[in-house]
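Written below as structure tokens is the structure these notes are about.
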Amino acid sequence: MPLRRSTRLPIAVLVLLALVAAACTGEPTPAQGPTSPRAREAAPAHGARGDAAGRDAAEELEEQAERTEGRLEALAEAAAAGGLGRIGPLRRAPAPGWAGQRLLNPTGDDWEPAIAADPSRPFVYVLHNRYGGEPACRRRCPDPAMILHVSRDGGRTFGPERYLCRCKGVKGQHDPLIEVVPATGEVIAAWMNDFQVHVSRSTDRGRTWSRPVHVHPDVRWGDKPILTVSEDGRDVYVAFNGPTAGDGYVSASHDGGLTWTAVRANRGERYRFAYGGQVLPDGAVVFTEISFSYTGPGGEAEGPVRIHAVRSVDGGATWTDSVVDELELGPPCTSRGCYRDFHDSGPALATDEDGDLVIVYSGAADPGGPRTVYARASTDGGQTWSARVRLSRRDVNAAFAAAVGVGDDEVRVSFMDQRGGRWNVRYRASGDLGTTWSRPLRISDAWSGTAYKDRSGFLEVYGDYGEIAVTNRGRTVAVWGEGTSYFGPGGVWFNRQR
């Protein structure tokens with residue numbers, strides 16, 4: 001269905017005080033296309049790293065309600081003031097070899113995108129959630145909801161938006177992930193229905209999707225999932241954190257996502273977040289994680305952050321954990337609604353065709369100091385790592401790395417930095433497994449068109465994730481979120497190499 005522009009008027013905020021995990025309908029039929037958003041009632045908030053950490057239920061619901069109210073208020077205020085989405089001409093200065101960034105939906109309050117590209121065909125898939133959009137069905141449908149974009153020409157154009165799942169009875173959908181099975185072109189998506197992680201599969205390039213499967217029925221909640229899939233699509237892994245106090249779990253499927261077994265991969269006093277994962281040619285699987293100690297005043301993060309590589313060689317039955325690096329927390333996030341360690345983002349992971357790995361991560365040298373983005377390589381499946389190589393400019397705060405591998409020893413990376421005061425997205429590439437790198441290019445190249453952009457960049461990163469992928473023609477495609485604050489509103493942006 002073509003996009004329709006909805007009336008930009010605020011409505012009353014209705015705060016939800018319950019998170020109910022319900023079964024999805026998930027029928028494998030084409031979903032109706034979503035329209036442009038409006039400030040609607042009852043979009044549950046999500047994203048604070050302390051969420052669902054085993055605290056008292058009343059306290060958790062109270063915090064969730066506060067974040068819900070804050071995000072909806074920000075959306076309503078922007079709609080009333082005419083500052084939602086694209087509000088003027090989009091002026092750009094594309095980087096050499098790049099087409100120039102564009103907003104995927106001109107009026108959507110769109111957050112936290114993921115991207116995947118088919119290595120053999122010109123299909124590109126972008127998945128994100130949307131706050132305040134028209135629901136996928138008449139009653140009891142999720143807000144925010146998962147929105148899918150499909151390109152059949154390598155990202156030059158995208159077809160009509162689609163809902164990934166109606167998922168009637170779910171309050172909100174979060175943390176989108178999407179991967180293409182290299183050998184078949186099938187597409188696998190993972191996301192959260194409230195605090196339950198689900199996976200669905202498409203065999204027709206995103207037109208229809210299988211009934212979503214809950215991947216951890218024996219674990220009462222899950223948060224911040226990361227998805228990875230084997231070359232043939234038979235082995236699928238989802239890492240997430242769960243009880244108690246954010247321990248790391250991994251759910252494994254060896255029948256393409258039909259059935260799942262979840263194990264606790266590690267336990268301890270530190271709260272875990274997976275941000276990267278790869279299945280290697282020999283069947284080993286590696287996830288990269290960041291861990292925090294939430295022992296500061298008011299439950300805030302304090303002390304060093306650690307970067308981990310978590311590895312299994314027996315199909316996910318057992319896991320080994322190694323610390324790749326230890327750094328400090330950077331400057332706290334201070335935008336509206338933001339929690340202090342939002343910018344202390346986790347480690348991305350890329351693999352080339354031989355199974356060599358590159359981890360890309362960030363952290364500060366001194367508490368509260370600027371974060372630096374680093375890369376390290378492994379040629380033994382994540383058991384040992386090379387010395388770190390600095391990718392971002394000295395003394396400039398940088399974070400939110402994304403990485404993808406292609407060919408032999410080639411890796412491509414994006415990250416965000418604040419060298420001009422505001423945030424921008426930079427791109428670099430290496431042809432020798434991260435030993436040397438191309439000069440950084442600014443690929444967030446638009447300086448007008450929204451309330452949160454000017455010539456120096458954008459105000460706030462919108463969502464924990466942003467990703468890059470490589471098309472069947474070897475071109476890099478990148479997606480990320482930009483916004484006015486952590487509460488938003490904001491939008492999902494896309495750029496591609498020519």
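We name chains A, B, ... following the order of the structure tokens; residues begin at 1 in each chain, and ligands are numbered from 1 as shown.
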As an MDAnalysis selection string, please: every residue in stretch 132-284 of chain A that DSSP puts in strand (DSSP E or B).
chainID A and resid 145:151 162:163 173:180 187:193 196:202 213:214 223:229 236:242 247:253 261:264 271:279
Find the spatial neighbours of stretch 181-191 of chain A, counting only C-alpha atoms, within a cut-off of 10 Å - ignore same-chain residues fewer than 3 positions away - and output them as a PyMOL selection string.
chain A and resi 114+116-121+123+125+127-129+146+164+173-178+194-206+209-210+212-215+223-234+236+238+256-257
At a cut-off of 6 Å, using only C-alpha atoms, what residues contact stretch 345-358 of chain A? Leave out same-chain residues fewer than 2 positions from it and give the result as an MDAnalysis selection string.
chainID A and resid 275:276 280:281 288 290 343 360:361 376:379 400 402:409
Give me a file of those residues, with N, CA and C atoms, as a PDB file, in the first residue's frame.
```pdb
ATOM      1  N   TYR A 275      26.486  -7.858  20.928  1.00  0.00           N
ATOM      2  CA  TYR A 275      26.333  -6.912  19.816  1.00  0.00           C
ATOM      3  C   TYR A 275      26.811  -7.467  18.482  1.00  0.00           C
ATOM      4  N   GLY A 276      27.499  -8.600  18.485  1.00  0.00           N
ATOM      5  CA  GLY A 276      27.971  -9.184  17.235  1.00  0.00           C
ATOM      6  C   GLY A 276      27.960 -10.691  17.322  1.00  0.00           C
ATOM      7  N   LEU A 280      31.157 -19.638  11.858  1.00  0.00           N
ATOM      8  CA  LEU A 280      32.350 -19.778  11.032  1.00  0.00           C
ATOM      9  C   LEU A 280      32.242 -20.996  10.119  1.00  0.00           C
ATOM     10  N   PRO A 281      33.081 -21.066   9.086  1.00  0.00           N
ATOM     11  CA  PRO A 281      32.988 -22.198   8.149  1.00  0.00           C
ATOM     12  C   PRO A 281      33.148 -23.570   8.788  1.00  0.00           C
ATOM     13  N   THR A 288      30.235 -11.503  20.296  1.00  0.00           N
ATOM     14  CA  THR A 288      30.979 -10.478  21.008  1.00  0.00           C
ATOM     15  C   THR A 288      30.030  -9.705  21.902  1.00  0.00           C
ATOM     16  N   ILE A 290      29.594  -6.832  25.489  1.00  0.00           N
ATOM     17  CA  ILE A 290      30.120  -5.833  26.407  1.00  0.00           C
ATOM     18  C   ILE A 290      29.471  -6.091  27.753  1.00  0.00           C
ATOM     19  N   HIS A 343      25.706   5.696  25.282  1.00  0.00           N
ATOM     20  CA  HIS A 343      26.738   5.814  24.256  1.00  0.00           C
ATOM     21  C   HIS A 343      27.884   4.809  24.435  1.00  0.00           C
ATOM     22  N   VAL A 360      35.233  -4.862  16.376  1.00  0.00           N
ATOM     23  CA  VAL A 360      35.321  -3.403  16.373  1.00  0.00           C
ATOM     24  C   VAL A 360      34.501  -2.898  17.559  1.00  0.00           C
ATOM     25  N   TYR A 361      35.123  -2.092  18.414  1.00  0.00           N
ATOM     26  CA  TYR A 361      34.486  -1.711  19.677  1.00  0.00           C
ATOM     27  C   TYR A 361      34.992  -0.344  20.106  1.00  0.00           C
ATOM     28  N   ARG A 376      40.453  -5.227  16.337  1.00  0.00           N
ATOM     29  CA  ARG A 376      41.414  -6.314  16.540  1.00  0.00           C
ATOM     30  C   ARG A 376      41.019  -7.469  15.620  1.00  0.00           C
ATOM     31  N   ALA A 377      41.971  -8.295  15.244  1.00  0.00           N
ATOM     32  CA  ALA A 377      41.720  -9.426  14.355  1.00  0.00           C
ATOM     33  C   ALA A 377      42.041 -10.733  15.068  1.00  0.00           C
ATOM     34  N   SER A 378      41.358 -11.799  14.608  1.00  0.00           N
ATOM     35  CA  SER A 378      41.633 -13.152  15.088  1.00  0.00           C
ATOM     36  C   SER A 378      41.660 -14.097  13.903  1.00  0.00           C
ATOM     37  N   THR A 379      42.685 -14.934  13.848  1.00  0.00           N
ATOM     38  CA  THR A 379      42.783 -15.936  12.782  1.00  0.00           C
ATOM     39  C   THR A 379      42.627 -17.356  13.318  1.00  0.00           C
ATOM     40  N   PHE A 400      29.375   3.328  18.656  1.00  0.00           N
ATOM     41  CA  PHE A 400      28.372   2.731  17.766  1.00  0.00           C
ATOM     42  C   PHE A 400      28.995   2.155  16.486  1.00  0.00           C
ATOM     43  N   ALA A 402      29.786  -0.621  13.588  1.00  0.00           N
ATOM     44  CA  ALA A 402      29.171  -1.698  12.814  1.00  0.00           C
ATOM     45  C   ALA A 402      30.237  -2.242  11.885  1.00  0.00           C
ATOM     46  N   ALA A 403      30.164  -3.547  11.555  1.00  0.00           N
ATOM     47  CA  ALA A 403      31.224  -4.153  10.748  1.00  0.00           C
ATOM     48  C   ALA A 403      30.663  -5.276   9.904  1.00  0.00           C
ATOM     49  N   VAL A 404      31.281  -5.489   8.739  1.00  0.00           N
ATOM     50  CA  VAL A 404      30.923  -6.589   7.856  1.00  0.00           C
ATOM     51  C   VAL A 404      32.183  -7.065   7.150  1.00  0.00           C
ATOM     52  N   GLY A 405      32.308  -8.374   6.950  1.00  0.00           N
ATOM     53  CA  GLY A 405      33.437  -8.935   6.229  1.00  0.00           C
ATOM     54  C   GLY A 405      33.008  -9.441   4.871  1.00  0.00           C
ATOM     55  N   VAL A 406      33.955  -9.468   3.939  1.00  0.00           N
ATOM     56  CA  VAL A 406      33.667  -9.931   2.588  1.00  0.00           C
ATOM     57  C   VAL A 406      34.972 -10.405   1.957  1.00  0.00           C
ATOM     58  N   GLY A 407      34.912 -11.435   1.118  1.00  0.00           N
ATOM     59  CA  GLY A 407      36.106 -11.893   0.422  1.00  0.00           C
ATOM     60  C   GLY A 407      37.164 -12.404   1.376  1.00  0.00           C
ATOM     61  N   ASP A 408      38.416 -12.209   0.998  1.00  0.00           N
ATOM     62  CA  ASP A 408      39.562 -12.679   1.778  1.00  0.00           C
ATOM     63  C   ASP A 408      40.200 -11.504   2.495  1.00  0.00           C
ATOM     64  N   ASP A 409      40.065 -11.468   3.828  1.00  0.00           N
ATOM     65  CA  ASP A 409      40.696 -10.462   4.689  1.00  0.00           C
ATOM     66  C   ASP A 409      40.125  -9.060   4.520  1.00  0.00           C
TER      67      ASP A 409
END
```
For A:Tyr249: contacts at 10 Å, only C-alpha atoms, fewer than 4 positions along chain excluded, given as a list in words
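Near neighbours after the sequence-gap exclusion: His216, Val219, Gly222, Asp223, Pro225, Val238, Ala239, Phe240, Asn241, Gly242, Pro243, Ala262, Val263, Arg264, Ala265, Asn266, Arg267, Arg272, Phe273, Ala274 and Trp319 of chain A.
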Could those residues be written to a file, using C-alpha atoms, as an mmCIF file, in the first residue's frame?
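This went into result-v4.cif:
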```
data_model
loop_
_atom_site.group_PDB
_atom_site.id
_atom_site.type_symbol
_atom_site.label_atom_id
_atom_site.label_comp_id
_atom_site.auth_asym_id
_atom_site.auth_seq_id
_atom_site.Cartn_x
_atom_site.Cartn_y
_atom_site.Cartn_z
ATOM 1 C CA HIS A 216 13.604 -19.258 24.900
ATOM 2 C CA VAL A 219 13.839 -18.620 30.166
ATOM 3 C CA GLY A 222 15.142 -12.042 27.234
ATOM 4 C CA ASP A 223 16.562 -8.704 26.122
ATOM 5 C CA PRO A 225 19.151 -10.271 21.136
ATOM 6 C CA VAL A 238 20.354 -15.975 19.088
ATOM 7 C CA ALA A 239 22.348 -14.498 21.976
ATOM 8 C CA PHE A 240 20.494 -12.420 24.554
ATOM 9 C CA ASN A 241 20.659 -11.421 28.204
ATOM 10 C CA GLY A 242 18.241 -12.717 30.800
ATOM 11 C CA PRO A 243 17.793 -13.760 34.397
ATOM 12 C CA ALA A 262 18.552 -22.153 25.295
ATOM 13 C CA VAL A 263 21.590 -22.407 27.561
ATOM 14 C CA ARG A 264 23.174 -19.956 29.955
ATOM 15 C CA ALA A 265 26.508 -19.132 28.334
ATOM 16 C CA ASN A 266 27.930 -17.248 31.291
ATOM 17 C CA ARG A 267 26.924 -15.994 34.714
ATOM 18 C CA ARG A 272 25.988 -8.690 29.518
ATOM 19 C CA PHE A 273 24.967 -7.316 26.122
ATOM 20 C CA ALA A 274 25.756 -9.132 22.866
ATOM 21 C CA TRP A 319 30.602 -21.821 25.735
#
```
Name all residues at most 9 Å from A:Glu300 (count only C-alpha atoms; drop same-chain ones fewer than 3 positions away) and give them as JSON, numbers by chain.
{"A": [50, 293, 294, 295, 296, 297, 339, 340, 341]}
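For A:Val477, the list of residues within 7 Å, based on only C-alpha atoms and with local chain neighbours fewer than 5 positions off taken out, reads Ile468, Ala469, Val470, Asn495, Arg496 and Gln497 of chain A.
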Emit the selected residues as a compact mmCIF listing (two decimals), in the first residue's frame, including N, CA and C atoms.
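File produced: again24.txt:
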```txt
# COMPACT_ATOMS: atom_id res chain seq x y z
N ILE A 468 25.82 -2.31 8.72
CA ILE A 468 26.22 -2.22 7.33
C ILE A 468 26.22 -3.63 6.74
N ALA A 469 26.12 -3.70 5.42
CA ALA A 469 26.11 -4.97 4.70
C ALA A 469 26.75 -4.75 3.35
N VAL A 470 26.96 -5.85 2.60
CA VAL A 470 27.57 -5.78 1.27
C VAL A 470 26.64 -6.48 0.29
N ASN A 495 22.29 4.83 3.34
CA ASN A 495 23.23 5.29 2.32
C ASN A 495 23.85 4.07 1.65
N ARG A 496 24.36 4.24 0.45
CA ARG A 496 24.93 3.12 -0.30
C ARG A 496 26.08 3.60 -1.17
N GLN A 497 27.01 2.70 -1.40
CA GLN A 497 28.06 2.97 -2.37
C GLN A 497 27.49 2.86 -3.78
```
